[in-house]
$ cat upload.cif   # mmCIF, C-alpha atoms and all ligand atoms
data_model
loop_
_atom_site.label_atom_id
_atom_site.label_comp_id
_atom_site.auth_asym_id
_atom_site.auth_seq_id
_atom_site.Cartn_x
_atom_site.Cartn_y
_atom_site.Cartn_z
CA MET A 1 54.19 -14.42 46.52
CA ASP A 2 51.99 -12.12 44.49
CA ILE A 3 54.08 -10.07 42.01
CA THR A 4 53.08 -7.30 39.60
CA LEU A 5 55.40 -6.17 36.81
CA VAL A 6 55.59 -2.37 36.54
CA THR A 7 57.58 -1.37 33.46
CA GLY A 8 60.08 1.49 33.71
CA ASP A 9 59.08 2.67 30.23
CA ASN A 10 62.70 3.59 29.38
CA PRO A 11 63.61 1.68 26.18
CA GLY A 12 67.09 2.29 24.74
CA PRO A 13 70.27 0.65 23.39
CA TYR A 14 71.42 -0.32 26.91
CA THR A 15 68.04 -1.15 28.44
CA GLY A 16 66.32 -3.14 25.68
CA ALA A 17 62.56 -2.67 25.98
CA GLY A 18 63.17 -0.80 29.26
CA ASN A 19 63.56 -1.83 32.88
CA ASN A 20 61.30 -4.22 34.73
CA THR A 21 60.41 -3.25 38.26
CA TYR A 22 58.31 -5.57 40.42
CA LEU A 23 55.73 -4.67 43.01
CA ILE A 24 55.07 -7.18 45.80
CA PRO A 25 51.77 -6.19 47.47
CA GLY A 26 50.80 -7.24 51.02
CA ASP A 27 51.66 -6.15 54.56
CA THR A 28 54.90 -4.53 53.35
CA PRO A 29 54.22 -3.29 49.79
CA THR A 30 57.68 -3.52 48.24
CA LEU A 31 59.06 -2.38 44.90
CA ILE A 32 62.14 -4.09 43.45
CA ASP A 33 64.19 -1.38 41.65
CA ALA A 34 63.34 2.24 41.04
CA ALA A 35 63.94 2.52 37.24
CA THR A 36 64.58 6.08 36.00
CA GLY A 37 61.72 8.07 37.50
CA LYS A 38 59.64 8.60 34.34
CA ALA A 39 56.16 9.94 35.04
CA SER A 40 54.67 6.91 33.27
CA HIS A 41 56.53 4.55 35.65
CA LEU A 42 55.26 6.43 38.70
CA ALA A 43 51.72 6.35 37.26
CA GLY A 44 52.00 2.58 36.65
CA LEU A 45 53.27 2.09 40.20
CA ALA A 46 50.37 4.14 41.63
CA ARG A 47 47.90 2.02 39.62
CA ALA A 48 49.50 -1.24 40.82
CA LEU A 49 49.43 -0.04 44.46
CA GLY A 50 45.74 0.92 44.34
CA SER A 51 44.82 2.19 47.81
CA ALA A 52 48.00 0.78 49.43
CA ALA A 53 50.98 2.97 50.36
CA LEU A 54 54.44 2.00 49.13
CA ALA A 55 56.44 0.83 52.18
CA GLN A 56 59.79 -0.03 50.68
CA VAL A 57 62.02 0.04 47.60
CA LEU A 58 64.85 -2.50 47.27
CA VAL A 59 67.43 -1.25 44.78
CA THR A 60 69.49 -3.98 43.09
CA HIS A 61 72.46 -1.72 42.20
CA ALA A 62 73.38 1.90 41.59
CA HIS A 63 73.30 1.95 37.75
CA PRO A 64 71.08 4.86 36.63
CA ASP A 65 68.36 2.70 35.05
CA HIS A 66 67.80 1.02 38.44
CA ALA A 67 68.43 3.88 40.88
CA ASP A 68 67.63 7.25 39.26
CA GLY A 69 63.95 6.75 40.11
CA CYS A 70 64.70 6.78 43.86
CA ASP A 71 64.36 10.54 44.35
CA PRO A 72 61.12 10.94 42.33
CA ILE A 73 59.58 7.88 44.06
CA ALA A 74 60.61 9.22 47.49
CA ALA A 75 59.02 12.58 46.63
CA ARG A 76 55.70 10.90 45.79
CA TRP A 77 55.73 8.24 48.59
CA PRO A 78 57.62 10.00 51.40
CA GLU A 79 57.00 7.19 53.93
CA ALA A 80 58.79 4.56 51.77
CA VAL A 81 62.13 3.20 53.02
CA PHE A 82 64.89 2.60 50.43
CA ARG A 83 67.50 -0.11 50.85
CA LYS A 84 70.54 -1.17 48.81
CA MET A 85 74.10 -2.38 49.22
CA PRO A 86 76.29 0.74 49.48
CA TRP A 87 78.49 1.83 46.55
CA PRO A 88 79.52 5.23 47.95
CA ASP A 89 80.96 6.71 44.72
CA ARG A 90 77.76 6.06 42.76
CA ASP A 91 75.20 6.43 45.54
CA ARG A 92 76.00 10.14 45.63
CA ARG A 93 73.96 10.53 42.42
CA GLN A 94 70.84 10.34 44.62
CA ALA A 95 69.91 12.95 47.20
CA LEU A 96 68.22 10.14 49.12
CA ILE A 97 70.10 8.10 51.73
CA CYS A 98 69.42 4.35 51.42
CA GLN A 99 69.46 1.92 54.35
CA PRO A 100 72.45 -0.38 53.84
CA LEU A 101 71.94 -4.06 52.92
CA ALA A 102 74.57 -6.82 53.16
CA ASP A 103 74.79 -10.35 51.75
CA GLY A 104 72.38 -12.68 53.56
CA ASP A 105 70.16 -9.96 55.07
CA MET A 106 66.51 -10.95 55.38
CA VAL A 107 63.98 -8.23 54.52
CA ALA A 108 60.21 -8.36 55.06
CA ALA A 109 58.47 -7.88 51.69
CA GLY A 110 54.81 -8.29 50.76
CA ASN A 111 53.49 -10.99 53.10
CA GLY A 112 56.80 -12.85 53.16
CA ALA A 113 60.52 -12.23 53.18
CA LEU A 114 63.39 -11.82 50.74
CA ARG A 115 67.04 -12.64 51.23
CA ALA A 116 69.68 -10.31 49.77
CA VAL A 117 72.23 -12.26 47.72
CA HIS A 118 75.39 -10.33 46.86
CA THR A 119 76.25 -11.04 43.22
CA PRO A 120 79.03 -8.61 42.16
CA GLY A 121 80.56 -8.56 38.67
CA HIS A 122 78.20 -6.43 36.58
CA ALA A 123 78.44 -3.89 39.42
CA PRO A 124 80.20 -4.17 42.81
CA ASP A 125 76.98 -3.48 44.76
CA HIS A 126 74.79 -5.88 42.73
CA LEU A 127 72.17 -7.72 44.78
CA CYS A 128 69.65 -10.36 43.80
CA PHE A 129 66.65 -10.92 46.09
CA TYR A 130 65.53 -14.47 46.81
CA GLU A 131 62.09 -15.59 47.89
CA GLU A 132 62.86 -19.01 49.32
CA THR A 133 59.33 -20.44 49.71
CA GLY A 134 58.39 -20.03 46.06
CA GLY A 135 61.92 -20.30 44.66
CA THR A 136 61.70 -16.94 42.88
CA LEU A 137 64.87 -14.92 42.42
CA PHE A 138 64.70 -11.25 41.48
CA SER A 139 67.86 -11.46 39.40
CA ALA A 140 68.39 -7.81 38.36
CA ASP A 141 71.21 -7.63 35.76
CA LEU A 142 72.73 -11.06 36.39
CA VAL A 143 71.36 -12.48 33.11
CA VAL A 144 69.12 -11.34 30.25
CA LEU A 145 67.34 -13.91 28.11
CA GLY A 146 68.68 -13.99 24.53
CA SER A 147 71.43 -11.47 25.25
CA SER A 148 74.58 -11.10 27.31
CA VAL A 149 75.29 -8.85 30.28
CA VAL A 150 77.87 -6.06 30.08
CA ILE A 151 80.78 -6.19 32.51
CA PRO A 152 81.87 -2.52 32.55
CA SER A 153 85.52 -3.15 33.31
CA SER A 154 86.47 0.53 33.67
CA GLY A 155 83.38 1.28 35.81
CA GLY A 156 83.34 -1.22 38.67
CA GLY A 157 82.71 -4.38 36.64
CA ASN A 158 84.74 -7.53 37.28
CA LEU A 159 84.44 -10.66 35.15
CA ALA A 160 86.00 -13.07 37.68
CA ASP A 161 83.49 -11.86 40.31
CA TYR A 162 80.69 -12.16 37.75
CA LEU A 163 81.49 -15.80 36.95
CA THR A 164 81.59 -16.56 40.70
CA SER A 165 78.18 -14.87 41.08
CA LEU A 166 76.69 -16.95 38.24
CA GLN A 167 77.97 -20.09 39.96
CA LYS A 168 76.54 -18.90 43.30
CA ILE A 169 73.07 -18.52 41.78
CA ARG A 170 73.42 -21.83 39.92
CA ASP A 171 74.06 -23.48 43.32
CA LEU A 172 71.09 -21.65 44.85
CA ASP A 173 69.03 -23.30 42.09
CA PRO A 174 65.98 -20.97 41.93
CA LEU A 175 62.85 -22.19 40.13
CA ARG A 176 62.52 -18.99 38.16
CA MET A 177 64.26 -15.66 37.80
CA LEU A 178 62.65 -12.28 37.29
CA PRO A 179 65.27 -10.06 35.60
CA ALA A 180 65.44 -6.28 35.33
CA HIS A 181 65.47 -6.58 31.52
CA GLY A 182 63.57 -8.99 29.28
CA PRO A 183 61.13 -11.79 30.00
CA ALA A 184 60.98 -14.07 33.07
CA ILE A 185 63.46 -16.95 33.04
CA GLU A 186 61.72 -20.26 33.72
CA ALA A 187 64.82 -22.51 33.35
CA PRO A 188 67.51 -20.62 35.30
CA ARG A 189 70.09 -23.41 35.36
CA GLU A 190 70.03 -23.85 31.56
CA VAL A 191 70.36 -20.12 30.99
CA ILE A 192 73.22 -19.80 33.51
CA ASP A 193 75.04 -22.76 31.94
CA GLY A 194 74.65 -21.07 28.54
CA TYR A 195 76.17 -17.89 29.98
CA LEU A 196 79.14 -19.72 31.49
CA GLU A 197 79.72 -21.52 28.18
CA HIS A 198 79.45 -18.23 26.24
CA ARG A 199 82.14 -16.65 28.45
CA ARG A 200 84.45 -19.65 28.03
CA ARG A 201 84.05 -19.44 24.25
CA ARG A 202 84.65 -15.70 24.24
CA GLU A 203 87.83 -16.14 26.27
CA ASP A 204 89.09 -18.74 23.76
CA GLN A 205 88.33 -16.33 20.89
CA ILE A 206 90.22 -13.50 22.62
CA ILE A 207 93.24 -15.74 23.20
CA ASP A 208 93.12 -16.81 19.52
CA ALA A 209 92.95 -13.17 18.40
CA MET A 210 95.97 -12.33 20.58
CA ARG A 211 97.90 -15.33 19.28
CA SER A 212 97.34 -14.08 15.76
CA GLY A 213 98.72 -10.64 16.59
CA ALA A 214 95.97 -8.46 18.11
CA ARG A 215 97.51 -6.50 20.99
CA ARG A 216 94.99 -3.79 21.83
CA PRO A 217 91.35 -4.10 22.96
CA ASP A 218 90.10 -2.29 19.80
CA ALA A 219 92.05 -4.68 17.55
CA ILE A 220 90.60 -7.67 19.40
CA VAL A 221 87.07 -6.19 19.12
CA ALA A 222 87.57 -5.81 15.34
CA ARG A 223 88.43 -9.52 15.05
CA LEU A 224 85.62 -10.73 17.31
CA TYR A 225 82.65 -8.68 16.16
CA GLN A 226 81.68 -8.05 12.55
CA ASN A 227 79.46 -5.11 11.57
CA LEU A 228 79.11 -3.87 15.12
CA ARG A 229 76.68 -0.93 15.52
CA ALA A 230 78.53 2.21 16.61
CA GLU A 231 76.68 2.54 19.93
CA LEU A 232 77.69 -1.01 20.86
CA GLN A 233 81.40 -0.51 20.05
CA LEU A 234 82.13 0.84 23.54
CA LEU A 235 80.31 -2.06 25.22
CA ALA A 236 82.25 -4.60 23.14
CA ARG A 237 85.51 -2.92 24.15
CA GLU A 238 84.52 -3.06 27.83
CA SER A 239 83.69 -6.74 27.45
CA VAL A 240 87.07 -7.53 25.87
CA LEU A 241 88.83 -5.48 28.55
CA ALA A 242 86.95 -7.44 31.25
CA HIS A 243 88.35 -10.68 29.80
CA LEU A 244 91.88 -9.23 29.61
CA VAL A 245 91.72 -8.12 33.27
CA LYS A 246 90.51 -11.60 34.25
CA LEU A 247 93.39 -13.22 32.30
CA GLN A 248 95.78 -10.80 33.99
CA GLY A 249 94.43 -11.79 37.42
CA GLU A 250 95.10 -15.42 36.51
CA LYS A 251 98.62 -14.48 35.34
CA ARG A 252 97.76 -15.60 31.79
CA ALA A 253 98.12 -12.11 30.26
CA CYS A 254 99.92 -8.89 31.08
CA GLN A 255 99.66 -5.28 30.03
CA ARG A 256 102.57 -3.24 28.63
CA GLY A 257 101.51 0.34 27.98
CA ASP A 258 98.43 0.08 25.73
CA ASP A 259 99.36 -3.41 24.56
CA TRP A 260 98.29 -6.72 26.04
CA GLU A 261 100.31 -9.90 25.71
CA LEU A 262 99.73 -13.51 26.57
CA VAL A 263 102.03 -14.91 29.25
ZN ZN B 1 73.19 -2.52 35.56
#
$ encode --input "upload.cif" --output "structure tokens"
Amino acid sequence: MDITLVTGDNPGPYTGAGNNTYLIPGDTPTLIDAATGKASHLAGLARALGSAALAQVLVTHAHPDHADGCDPIAARWPEAVFRKMPWPDRDRRQALICQPLADGDMVAAGNGALRAVHTPGHAPDHLCFYEETGGTLFSADLVVLGSSVVIPSSGGGNLADYLTSLQKIRDLDPLRMLPAHGPAIEAPREVIDGYLEHRRRREDQIIDAMRSGARRPDAIVARLYQNLRAELQLLARESVLAHLVKLQGEKRACQRGDDWELV
């Protein structure tokens, strides 16, 4: 499968160097993710398409850096079809109506086909797209090389689901992953194992912090992270909360008012 990287050109604290979108040319010219709709992204997409017309956009999930480009792309390529797994609350941000995708759906793309793989956790509607013949997985926000992925616990994130999704992709055993942020991942299994290990360690640290008296997410954040930049404070809190909710689901922690306690 022939793949061209088209950068979203939207760098920022949450997006790193900006979003990667991928164009698959061929009989069904397909774009993976819509980024944010910046003029420079649309220009890059037009250059990558050349004389071809965009047939389809597969949106990995409804977060703004993946989906806000849908309306501007639809305005410029009105014949393109947009598909994603529904997340009704968030999908309303777009005027556009997407065709619904479900886990296991096969979609023609380029000169081949992609399989939708539901991988919730970072977002409830999160899909990866798998190209079986070449072993390439478009992995969206499942993992980012050299960083960790935010589980927005108060905005549809779920850590238990996320760990199950990591395991699901580990079992799928792709040869390489093309993420929505950062460079291509040529050793997926190693990176996924590192992620699973990181989450286990973080959980141990949170339990230690609670054992030594931290009761509230902010207090746990203060023990876990030193010299945290202000804009990352909220993300760290969400991450700690995601662990607490997971522990609660496993009946290993419970919440009393604003306080959390180990069971
Ligand atoms: Zn996201």
$ residues_around --input "upload.cif" --residues "range 189-192 of chain A" --least-positions-apart "4" --cutoff "7 Å" --atoms "all atoms listed in the file" --output "PyMOL selection string"
chain A and resi 166+170+173+196
$ residues_around --input "upload.cif" --residues "Arg216 in chain A" --least-positions-apart "3" --cutoff "7 Å" --atoms "all atoms listed in the file" --output "list of chain:residue names"
A:Ala219, A:Ile220, A:Asp258, A:Asp259, A:Trp260
$ residues_near_ligand --input "upload.cif" --ligand "ligand ZN 1 (chain B)" --cutoff "7 Å" --atoms "only C-alpha atoms and all ligand atoms" --output "PyMOL selection string"
chain A and resi 61+63+122-123+141
$ write_last_selection --input "upload.cif" --atoms "C-alpha atoms" --output "compact mmCIF listing (two decimals), in the coordinates of the input"
# COMPACT_ATOMS: atom_id res chain seq x y z
CA HIS A 61 72.46 -1.72 42.20
CA HIS A 63 73.30 1.95 37.75
CA HIS A 122 78.20 -6.43 36.58
CA ALA A 123 78.44 -3.89 39.42
CA ASP A 141 71.21 -7.63 35.76
$ closest_residue --input "upload.cif" --among "A:Glu250, A:Glu186, A:Asp9, A:Asp161" --to "Thr136 in chain A" --atoms "all atoms listed in the file"
A:Glu186
$ axis_aligned_box --input "upload.cif" --around "range 18-25 of chain A" --padding-each-side "5 Å" --output "lines of an AutoDock Vina configuration file"
center_x = 57.7
center_y = -4.0
center_z = 38.4
size_x = 21.8
size_y = 16.4
size_z = 28.2
$ closest_atom_pairs --input "upload.cif" --of "range 77-132 of chain A" --to "range 144-159 of chain A" --cutoff "12 Å" --atoms "only C-alpha atoms" --output "CSV"
residue,atom,partner,partner_atom,distance
A:Trp87,CA,A:Gly156,CA,9.7
A:Pro88,CA,A:Gly156,CA,11.9
A:Asp89,CA,A:Gly156,CA,10.3
A:Arg90,CA,A:Gly156,CA,10.0
A:Thr119,CA,A:Asn158,CA,10.9
A:Pro120,CA,A:Asn158,CA,7.6
A:Gly121,CA,A:Asn158,CA,4.5
A:His122,CA,A:Ile151,CA,4.8
A:Ala123,CA,A:Gly157,CA,5.1
A:Pro124,CA,A:Gly156,CA,6.0
A:Asp125,CA,A:Gly156,CA,9.1
A:His126,CA,A:Gly157,CA,10.1
$ closest_residue --input "upload.cif" --among "A:His41, A:His66, A:Pro29, A:Ser51" --to "Ala80 in chain A" --atoms "only C-alpha atoms"
A:Pro29
$ residues_around --input "upload.cif" --residues "Asp65 in chain A" --least-positions-apart "2" --cutoff "7 Å" --atoms "only C-alpha atoms" --output "list of chain:residue names"
A:Asn19, A:Ala35, A:Thr36, A:His63, A:Ala67, A:Asp68
$ closest_residue --input "upload.cif" --among "A:Leu235, A:His243, A:Met85, A:Ala184" --to "Ser139 in chain A" --atoms "all atoms listed in the file"
A:Ala184
$ atom_distance --input "upload.cif" --atom1 "CA of Leu127 in chain A" --atom2 "CA of Thr60 in chain A"
4.9 Å
$ closest_residue --input "upload.cif" --among "A:Ala253, A:Cys128, A:Leu241, A:Val57" --to "Thr30 in chain A" --atoms "all atoms listed in the file"
A:Val57
$ residues_near_point --input "upload.cif" --point "(53.9, 0.3, 44.9)" --cutoff "8 Å" --atoms "all atoms listed in the file" --output "PDB file with C-alpha atoms, keeping the file's coordinate frame"
ATOM      1  CA  LEU A  23      55.730  -4.670  43.010  1.00  0.00           C
ATOM      2  CA  ILE A  24      55.070  -7.180  45.800  1.00  0.00           C
ATOM      3  CA  PRO A  25      51.770  -6.190  47.470  1.00  0.00           C
ATOM      4  CA  PRO A  29      54.220  -3.290  49.790  1.00  0.00           C
ATOM      5  CA  THR A  30      57.680  -3.520  48.240  1.00  0.00           C
ATOM      6  CA  LEU A  31      59.060  -2.380  44.900  1.00  0.00           C
ATOM      7  CA  LEU A  45      53.270   2.090  40.200  1.00  0.00           C
ATOM      8  CA  ALA A  46      50.370   4.140  41.630  1.00  0.00           C
ATOM      9  CA  ALA A  48      49.500  -1.240  40.820  1.00  0.00           C
ATOM     10  CA  LEU A  49      49.430  -0.040  44.460  1.00  0.00           C
ATOM     11  CA  ALA A  52      48.000   0.780  49.430  1.00  0.00           C
ATOM     12  CA  ALA A  53      50.980   2.970  50.360  1.00  0.00           C
ATOM     13  CA  LEU A  54      54.440   2.000  49.130  1.00  0.00           C
ATOM     14  CA  ALA A  55      56.440   0.830  52.180  1.00  0.00           C
TER      15      ALA A  55
END
$ atom_distance --input "upload.cif" --atom1 "CA of Leu96 in chain A" --atom2 "CA of Val6 in chain A"
21.8 Å
$ atom_distance --input "upload.cif" --atom1 "CA of Pro179 in chain A" --atom2 "CA of Gly12 in chain A"
16.5 Å
$ residues_around --input "upload.cif" --residues "Val59 in chain A" --least-positions-apart "6" --cutoff "7 Å" --atoms "only C-alpha atoms" --output "list in words"
Ile32, Asp33, Ala34, His66, Ala67, Arg83 and Lys84 of chain A
$ closest_residue --input "upload.cif" --among "A:Asp2, A:Leu247, A:Arg47, A:Pro188" --to "Leu172 in chain A" --atoms "only C-alpha atoms"
A:Pro188
$ closest_residue --input "upload.cif" --among "A:Ile206, A:Tyr14, A:Tyr22, A:Gln99" --to "Leu232 in chain A" --atoms "all atoms listed in the file"
A:Tyr14
$ build_atoms --input "upload.cif" --residues "range 51-71 of chain A" --atoms "N, CA and C atoms" --output "mmCIF file, in the coordinates of the input"
data_model
loop_
_atom_site.group_PDB
_atom_site.id
_atom_site.type_symbol
_atom_site.label_atom_id
_atom_site.label_comp_id
_atom_site.auth_asym_id
_atom_site.auth_seq_id
_atom_site.Cartn_x
_atom_site.Cartn_y
_atom_site.Cartn_z
ATOM 1 N N SER A 51 44.977 1.350 46.604
ATOM 2 C CA SER A 51 44.820 2.190 47.810
ATOM 3 C C SER A 51 45.977 1.983 48.796
ATOM 4 N N ALA A 52 46.890 1.049 48.497
ATOM 5 C CA ALA A 52 48.000 0.780 49.430
ATOM 6 C C ALA A 52 49.072 1.854 49.316
ATOM 7 N N ALA A 53 49.863 2.013 50.384
ATOM 8 C CA ALA A 53 50.980 2.970 50.360
ATOM 9 C C ALA A 53 52.269 2.168 50.173
ATOM 10 N N LEU A 54 53.173 2.690 49.357
ATOM 11 C CA LEU A 54 54.440 2.000 49.130
ATOM 12 C C LEU A 54 55.268 2.052 50.429
ATOM 13 N N ALA A 55 55.691 0.874 50.916
ATOM 14 C CA ALA A 55 56.440 0.830 52.180
ATOM 15 C C ALA A 55 57.944 0.837 51.950
ATOM 16 N N GLN A 56 58.362 0.239 50.817
ATOM 17 C CA GLN A 56 59.790 -0.030 50.680
ATOM 18 C C GLN A 56 60.205 -0.172 49.216
ATOM 19 N N VAL A 57 61.423 0.277 48.918
ATOM 20 C CA VAL A 57 62.020 0.040 47.600
ATOM 21 C C VAL A 57 63.366 -0.643 47.838
ATOM 22 N N LEU A 58 63.563 -1.805 47.209
ATOM 23 C CA LEU A 58 64.850 -2.500 47.270
ATOM 24 C C LEU A 58 65.558 -2.260 45.951
ATOM 25 N N VAL A 59 66.708 -1.625 46.002
ATOM 26 C CA VAL A 59 67.430 -1.250 44.780
ATOM 27 C C VAL A 59 68.533 -2.283 44.556
ATOM 28 N N THR A 60 68.554 -2.874 43.350
ATOM 29 C CA THR A 60 69.490 -3.980 43.090
ATOM 30 C C THR A 60 70.929 -3.497 42.905
ATOM 31 N N HIS A 61 71.128 -2.310 42.331
ATOM 32 C CA HIS A 61 72.460 -1.720 42.200
ATOM 33 C C HIS A 61 72.320 -0.279 41.727
ATOM 34 N N ALA A 62 73.451 0.441 41.759
ATOM 35 C CA ALA A 62 73.380 1.900 41.590
ATOM 36 C C ALA A 62 73.360 2.376 40.134
ATOM 37 N N HIS A 63 73.360 1.473 39.147
ATOM 38 C CA HIS A 63 73.300 1.950 37.750
ATOM 39 C C HIS A 63 72.040 2.809 37.564
ATOM 40 N N PRO A 64 72.167 3.872 36.717
ATOM 41 C CA PRO A 64 71.080 4.860 36.630
ATOM 42 C C PRO A 64 69.711 4.274 36.275
ATOM 43 N N ASP A 65 69.666 3.229 35.438
ATOM 44 C CA ASP A 65 68.360 2.700 35.050
ATOM 45 C C ASP A 65 67.670 1.906 36.174
ATOM 46 N N HIS A 66 68.385 1.712 37.288
ATOM 47 C CA HIS A 66 67.800 1.020 38.440
ATOM 48 C C HIS A 66 67.581 1.965 39.617
ATOM 49 N N ALA A 67 68.394 3.048 39.669
ATOM 50 C CA ALA A 67 68.430 3.880 40.880
ATOM 51 C C ALA A 67 67.970 5.326 40.685
ATOM 52 N N ASP A 68 67.978 5.825 39.435
ATOM 53 C CA ASP A 68 67.630 7.250 39.260
ATOM 54 C C ASP A 68 66.185 7.550 39.655
ATOM 55 N N GLY A 69 65.345 6.529 39.696
ATOM 56 C CA GLY A 69 63.950 6.750 40.110
ATOM 57 C C GLY A 69 63.783 6.927 41.608
ATOM 58 N N CYS A 70 64.840 6.710 42.392
ATOM 59 C CA CYS A 70 64.700 6.780 43.860
ATOM 60 C C CYS A 70 64.153 8.127 44.323
ATOM 61 N N ASP A 71 64.778 9.217 43.874
ATOM 62 C CA ASP A 71 64.360 10.540 44.350
ATOM 63 C C ASP A 71 62.905 10.859 43.956
#
